[in-house]
Amino acid sequence: MRKNLLLYLFIFSLLFTIFIYVNDKKILDARDAEIQKLKAEVERLELENESAAALNQNESYFSLMDNEDAMTYFENKGIEAKDVREAIENELMNQNKVNEDNSYVPFDGMEGDMHINKIKVLNHKWVVADFTDGTYWGEVFFTYFIDENGKPELIVEKSFIYPAAN
């Protein structure tokens, strides 16, 4: 009887060991698969981050605040480039009035009032702005000068309006 009991204990412990091994192997395989999936996601996000950084670098290439020569131009005159950018943005945005077209937009609103939405100061001489009346939109290109009082004088050089989408 003792011999049978030891045989049953041995068989039971062998089966239990096989069960534990198979169960742990499944858990480890699942974790390995999850780790591989997360590594692939990390690689994808790193590539996306590098791509976004490159795009941001290209985007900021034409920007007053990233253009050393343009900033030096103003610093030589004793003016901060940041103040120039703010003055231009304030001048253009302050012309957005209720029930009135922005005076810097060379088109009359057809479906509402033309207002400037976005402004980009390209360098120490040029500005580009986006405008819309809610249905029609376009862009306008300015040259500018800063007078002795620090106020920008904006001159519309070119502009266009996109055709309405049907």
# chains A, B, ... in the order shown; residues from 1 in each chain; ligands from 1

$ select_by_dssp --residues "region 3-166 of chain A" --states "alpha helix (DSSP H)" --output "PyMOL selection string"
chain A and resi 3-59+68-76+81-93

$ select_by_dssp --residues "region 85-165 of chain A" --states "strand (DSSP E or B)" --output "PyMOL selection string"
chain A and resi 97+100+115-121+126-132+137-146+152-161

$ atom_distance --atom1 "CA of Phe74 (chain A)" --atom2 "CA of Leu122 (chain A)"
13.7 Å

$ closest_residue --among "A:Ser159, A:Asn123, A:Asn4, A:Thr132" --to "Ala70 (chain A)" --atoms "only C-alpha atoms"
A:Asn123

$ residues_around --residues "Asp147 (chain A)" --least-positions-apart "5" --cutoff "12 Å" --atoms "only C-alpha atoms" --output "MDAnalysis selection string"
chainID A and resid 74 77 79 84 87 152:154

$ closest_residue --among "A:His115, A:Lys151, A:Lys37, A:Lys120" --to "Asp83 (chain A)" --atoms "only C-alpha atoms"
A:Lys151

$ atom_distance --atom1 "CA of Val105 (chain A)" --atom2 "CA of Phe145 (chain A)"
18.0 Å

$ residues_around --residues "Lys118 (chain A)" --least-positions-apart "3" --cutoff "8 Å" --atoms "only C-alpha atoms" --output "list in words"
Ala129, Asp130 and Phe131 of chain A

$ write_last_selection --atoms "N, CA and C atoms" --output "mmCIF file, in the first residue's frame"
data_model
loop_
_atom_site.group_PDB
_atom_site.id
_atom_site.type_symbol
_atom_site.label_atom_id
_atom_site.label_comp_id
_atom_site.auth_asym_id
_atom_site.auth_seq_id
_atom_site.Cartn_x
_atom_site.Cartn_y
_atom_site.Cartn_z
ATOM 1 N N ALA A 129 -1.109 86.692 -43.403
ATOM 2 C CA ALA A 129 -2.273 86.525 -42.533
ATOM 3 C C ALA A 129 -3.359 85.764 -43.275
ATOM 4 N N ASP A 130 -4.167 85.072 -42.509
ATOM 5 C CA ASP A 130 -5.297 84.297 -43.015
ATOM 6 C C ASP A 130 -6.571 85.027 -42.610
ATOM 7 N N PHE A 131 -7.548 85.101 -43.514
ATOM 8 C CA PHE A 131 -8.801 85.779 -43.195
ATOM 9 C C PHE A 131 -9.988 84.968 -43.698
#

$ atom_distance --atom1 "CA of Ile155 (chain A)" --atom2 "CA of Phe141 (chain A)"
8.5 Å

$ closest_residue --among "A:Met114, A:Glu34, A:His124, A:Asn49" --to "Glu68 (chain A)" --atoms "only C-alpha atoms"
A:His124

$ closest_residue --among "A:Val22, A:Leu55, A:Asp113, A:Asn67" --to "Gly134 (chain A)" --atoms "only C-alpha atoms"
A:Asp113

$ residues_around --residues "Asp69 (chain A)" --least-positions-apart "3" --cutoff "12 Å" --atoms "only C-alpha atoms" --output "list in words"
Phe62, Ser63, Leu64, Met65, Asp66, Thr72, Tyr73, Phe74, Glu75, Asn76, Ala81, Leu122, Asn123, His124 and Lys125 of chain A

$ residues_around --residues "Tyr162 (chain A)" --least-positions-apart "4" --cutoff "9 Å" --atoms "only C-alpha atoms" --output "ChimeraX atom specification"
/A:136-139

$ write_last_selection --atoms "N, CA and C atoms" --output "PDB file, in the first residue's frame"
ATOM      1  N   TYR A 136     -16.106  82.172 -47.117  1.00  0.00           N
ATOM      2  CA  TYR A 136     -14.980  82.428 -48.009  1.00  0.00           C
ATOM      3  C   TYR A 136     -13.747  82.744 -47.163  1.00  0.00           C
ATOM      4  N   TRP A 137     -12.602  82.351 -47.668  1.00  0.00           N
ATOM      5  CA  TRP A 137     -11.365  82.592 -46.922  1.00  0.00           C
ATOM      6  C   TRP A 137     -10.240  82.849 -47.900  1.00  0.00           C
ATOM      7  N   GLY A 138      -9.177  83.430 -47.376  1.00  0.00           N
ATOM      8  CA  GLY A 138      -8.034  83.734 -48.211  1.00  0.00           C
ATOM      9  C   GLY A 138      -6.843  84.111 -47.369  1.00  0.00           C
ATOM     10  N   GLU A 139      -5.830  84.621 -48.045  1.00  0.00           N
ATOM     11  CA  GLU A 139      -4.606  85.017 -47.371  1.00  0.00           C
ATOM     12  C   GLU A 139      -4.144  86.346 -47.937  1.00  0.00           C
TER      13      GLU A 139
END

$ decode --residues "region 5-54 of chain A" --atoms "N, CA and C atoms" --output "CSV table (one decimal), in the first residue's frame"
chain,number,residue,atom,x,y,z
A,5,LEU,N,1.0,4.3,-2.7
A,5,LEU,CA,0.8,5.7,-2.2
A,5,LEU,C,1.9,6.6,-2.7
A,6,LEU,N,3.2,6.1,-2.7
A,6,LEU,CA,4.3,6.8,-3.2
A,6,LEU,C,4.2,7.0,-4.7
A,7,LEU,N,3.7,5.9,-5.4
A,7,LEU,CA,3.6,6.0,-6.8
A,7,LEU,C,2.5,7.1,-7.2
A,8,TYR,N,1.4,7.1,-6.4
A,8,TYR,CA,0.4,8.1,-6.7
A,8,TYR,C,0.9,9.5,-6.4
A,9,LEU,N,1.6,9.7,-5.3
A,9,LEU,CA,2.2,11.0,-5.0
A,9,LEU,C,3.2,11.4,-6.1
A,10,PHE,N,4.0,10.5,-6.5
A,10,PHE,CA,4.9,10.8,-7.6
A,10,PHE,C,4.2,11.2,-8.9
A,11,ILE,N,3.2,10.5,-9.3
A,11,ILE,CA,2.4,10.8,-10.5
A,11,ILE,C,1.7,12.1,-10.3
A,12,PHE,N,1.1,12.3,-9.1
A,12,PHE,CA,0.4,13.6,-8.8
A,12,PHE,C,1.4,14.8,-8.9
A,13,SER,N,2.5,14.7,-8.3
A,13,SER,CA,3.5,15.7,-8.3
A,13,SER,C,4.1,15.9,-9.7
A,14,LEU,N,4.2,14.9,-10.5
A,14,LEU,CA,4.6,15.0,-11.9
A,14,LEU,C,3.6,15.8,-12.7
A,15,LEU,N,2.3,15.4,-12.5
A,15,LEU,CA,1.2,16.1,-13.2
A,15,LEU,C,1.1,17.6,-12.8
A,16,PHE,N,1.3,17.8,-11.5
A,16,PHE,CA,1.2,19.2,-10.9
A,16,PHE,C,2.4,20.0,-11.5
A,17,THR,N,3.5,19.4,-11.6
A,17,THR,CA,4.7,20.1,-12.2
A,17,THR,C,4.5,20.4,-13.6
A,18,ILE,N,3.9,19.5,-14.4
A,18,ILE,CA,3.6,19.8,-15.8
A,18,ILE,C,2.6,20.9,-15.9
A,19,PHE,N,1.6,20.8,-15.1
A,19,PHE,CA,0.5,21.9,-15.1
A,19,PHE,C,1.1,23.2,-14.8
A,20,ILE,N,2.0,23.3,-13.8
A,20,ILE,CA,2.6,24.6,-13.5
A,20,ILE,C,3.5,25.1,-14.6
A,21,TYR,N,4.3,24.2,-15.2
A,21,TYR,CA,5.1,24.5,-16.3
A,21,TYR,C,4.3,25.1,-17.5
A,22,VAL,N,3.3,24.4,-17.9
A,22,VAL,CA,2.5,24.8,-19.0
A,22,VAL,C,1.8,26.2,-18.7
A,23,ASN,N,1.3,26.3,-17.5
A,23,ASN,CA,0.6,27.6,-17.1
A,23,ASN,C,1.6,28.7,-17.1
A,24,ASP,N,2.7,28.5,-16.5
A,24,ASP,CA,3.8,29.6,-16.5
A,24,ASP,C,4.3,29.9,-17.9
A,25,LYS,N,4.4,28.9,-18.7
A,25,LYS,CA,4.8,29.2,-20.1
A,25,LYS,C,3.8,30.0,-20.9
A,26,LYS,N,2.5,29.8,-20.7
A,26,LYS,CA,1.5,30.6,-21.3
A,26,LYS,C,1.6,32.1,-20.8
A,27,ILE,N,1.8,32.2,-19.5
A,27,ILE,CA,1.9,33.6,-18.9
A,27,ILE,C,3.1,34.3,-19.5
A,28,LEU,N,4.3,33.6,-19.5
A,28,LEU,CA,5.5,34.2,-20.1
A,28,LEU,C,5.3,34.6,-21.6
A,29,ASP,N,4.7,33.7,-22.3
A,29,ASP,CA,4.5,34.0,-23.8
A,29,ASP,C,3.6,35.2,-24.0
A,30,ALA,N,2.6,35.3,-23.1
A,30,ALA,CA,1.7,36.4,-23.2
A,30,ALA,C,2.4,37.7,-22.9
A,31,ARG,N,3.2,37.7,-21.8
A,31,ARG,CA,4.0,38.9,-21.5
A,31,ARG,C,5.0,39.2,-22.5
A,32,ASP,N,5.7,38.2,-23.1
A,32,ASP,CA,6.6,38.5,-24.2
A,32,ASP,C,6.0,39.1,-25.4
A,33,ALA,N,4.8,38.6,-25.7
A,33,ALA,CA,4.0,39.2,-26.8
A,33,ALA,C,3.6,40.7,-26.5
A,34,GLU,N,3.2,40.9,-25.3
A,34,GLU,CA,2.9,42.3,-24.9
A,34,GLU,C,4.1,43.2,-24.9
A,35,ILE,N,5.3,42.7,-24.5
A,35,ILE,CA,6.5,43.5,-24.5
A,35,ILE,C,6.9,43.8,-25.9
A,36,GLN,N,6.8,42.8,-26.8
A,36,GLN,CA,7.1,43.1,-28.2
A,36,GLN,C,6.1,44.1,-28.8
A,37,LYS,N,4.9,44.0,-28.5
A,37,LYS,CA,3.9,45.0,-29.0
A,37,LYS,C,4.2,46.4,-28.4
A,38,LEU,N,4.6,46.5,-27.2
A,38,LEU,CA,4.9,47.8,-26.6
A,38,LEU,C,6.2,48.4,-27.2
A,39,LYS,N,7.2,47.5,-27.5
A,39,LYS,CA,8.4,48.0,-28.1
A,39,LYS,C,8.1,48.5,-29.5
A,40,ALA,N,7.2,47.8,-30.3
A,40,ALA,CA,6.9,48.3,-31.6
A,40,ALA,C,6.2,49.6,-31.5
A,41,GLU,N,5.3,49.8,-30.5
A,41,GLU,CA,4.6,51.1,-30.3
A,41,GLU,C,5.6,52.2,-29.9
A,42,VAL,N,6.6,51.9,-29.1
A,42,VAL,CA,7.6,52.9,-28.7
A,42,VAL,C,8.4,53.3,-30.0
A,43,GLU,N,8.8,52.3,-30.8
A,43,GLU,CA,9.5,52.7,-32.0
A,43,GLU,C,8.7,53.6,-32.9
A,44,ARG,N,7.4,53.2,-33.1
A,44,ARG,CA,6.5,54.0,-33.9
A,44,ARG,C,6.4,55.4,-33.4
A,45,LEU,N,6.2,55.6,-32.1
A,45,LEU,CA,6.1,56.9,-31.5
A,45,LEU,C,7.3,57.7,-31.6
A,46,GLU,N,8.5,57.0,-31.4
A,46,GLU,CA,9.8,57.7,-31.6
A,46,GLU,C,9.9,58.3,-33.0
A,47,LEU,N,9.6,57.5,-34.0
A,47,LEU,CA,9.6,57.9,-35.4
A,47,LEU,C,8.7,59.1,-35.6
A,48,GLU,N,7.5,59.0,-35.0
A,48,GLU,CA,6.5,60.1,-35.2
A,48,GLU,C,7.0,61.3,-34.5
A,49,ASN,N,7.7,61.2,-33.3
A,49,ASN,CA,8.2,62.3,-32.6
A,49,ASN,C,9.3,63.0,-33.4
A,50,GLU,N,10.2,62.2,-34.0
A,50,GLU,CA,11.3,62.7,-34.9
A,50,GLU,C,10.7,63.4,-36.1
A,51,SER,N,9.7,62.9,-36.7
A,51,SER,CA,9.0,63.5,-37.8
A,51,SER,C,8.4,64.8,-37.4
A,52,ALA,N,7.7,64.8,-36.3
A,52,ALA,CA,7.1,66.1,-35.8
A,52,ALA,C,8.1,67.1,-35.4
A,53,ALA,N,9.3,66.7,-34.9
A,53,ALA,CA,10.3,67.6,-34.6
A,53,ALA,C,10.9,68.2,-35.8
A,54,ALA,N,11.1,67.4,-36.9
A,54,ALA,CA,11.6,67.9,-38.1
A,54,ALA,C,10.6,68.9,-38.8
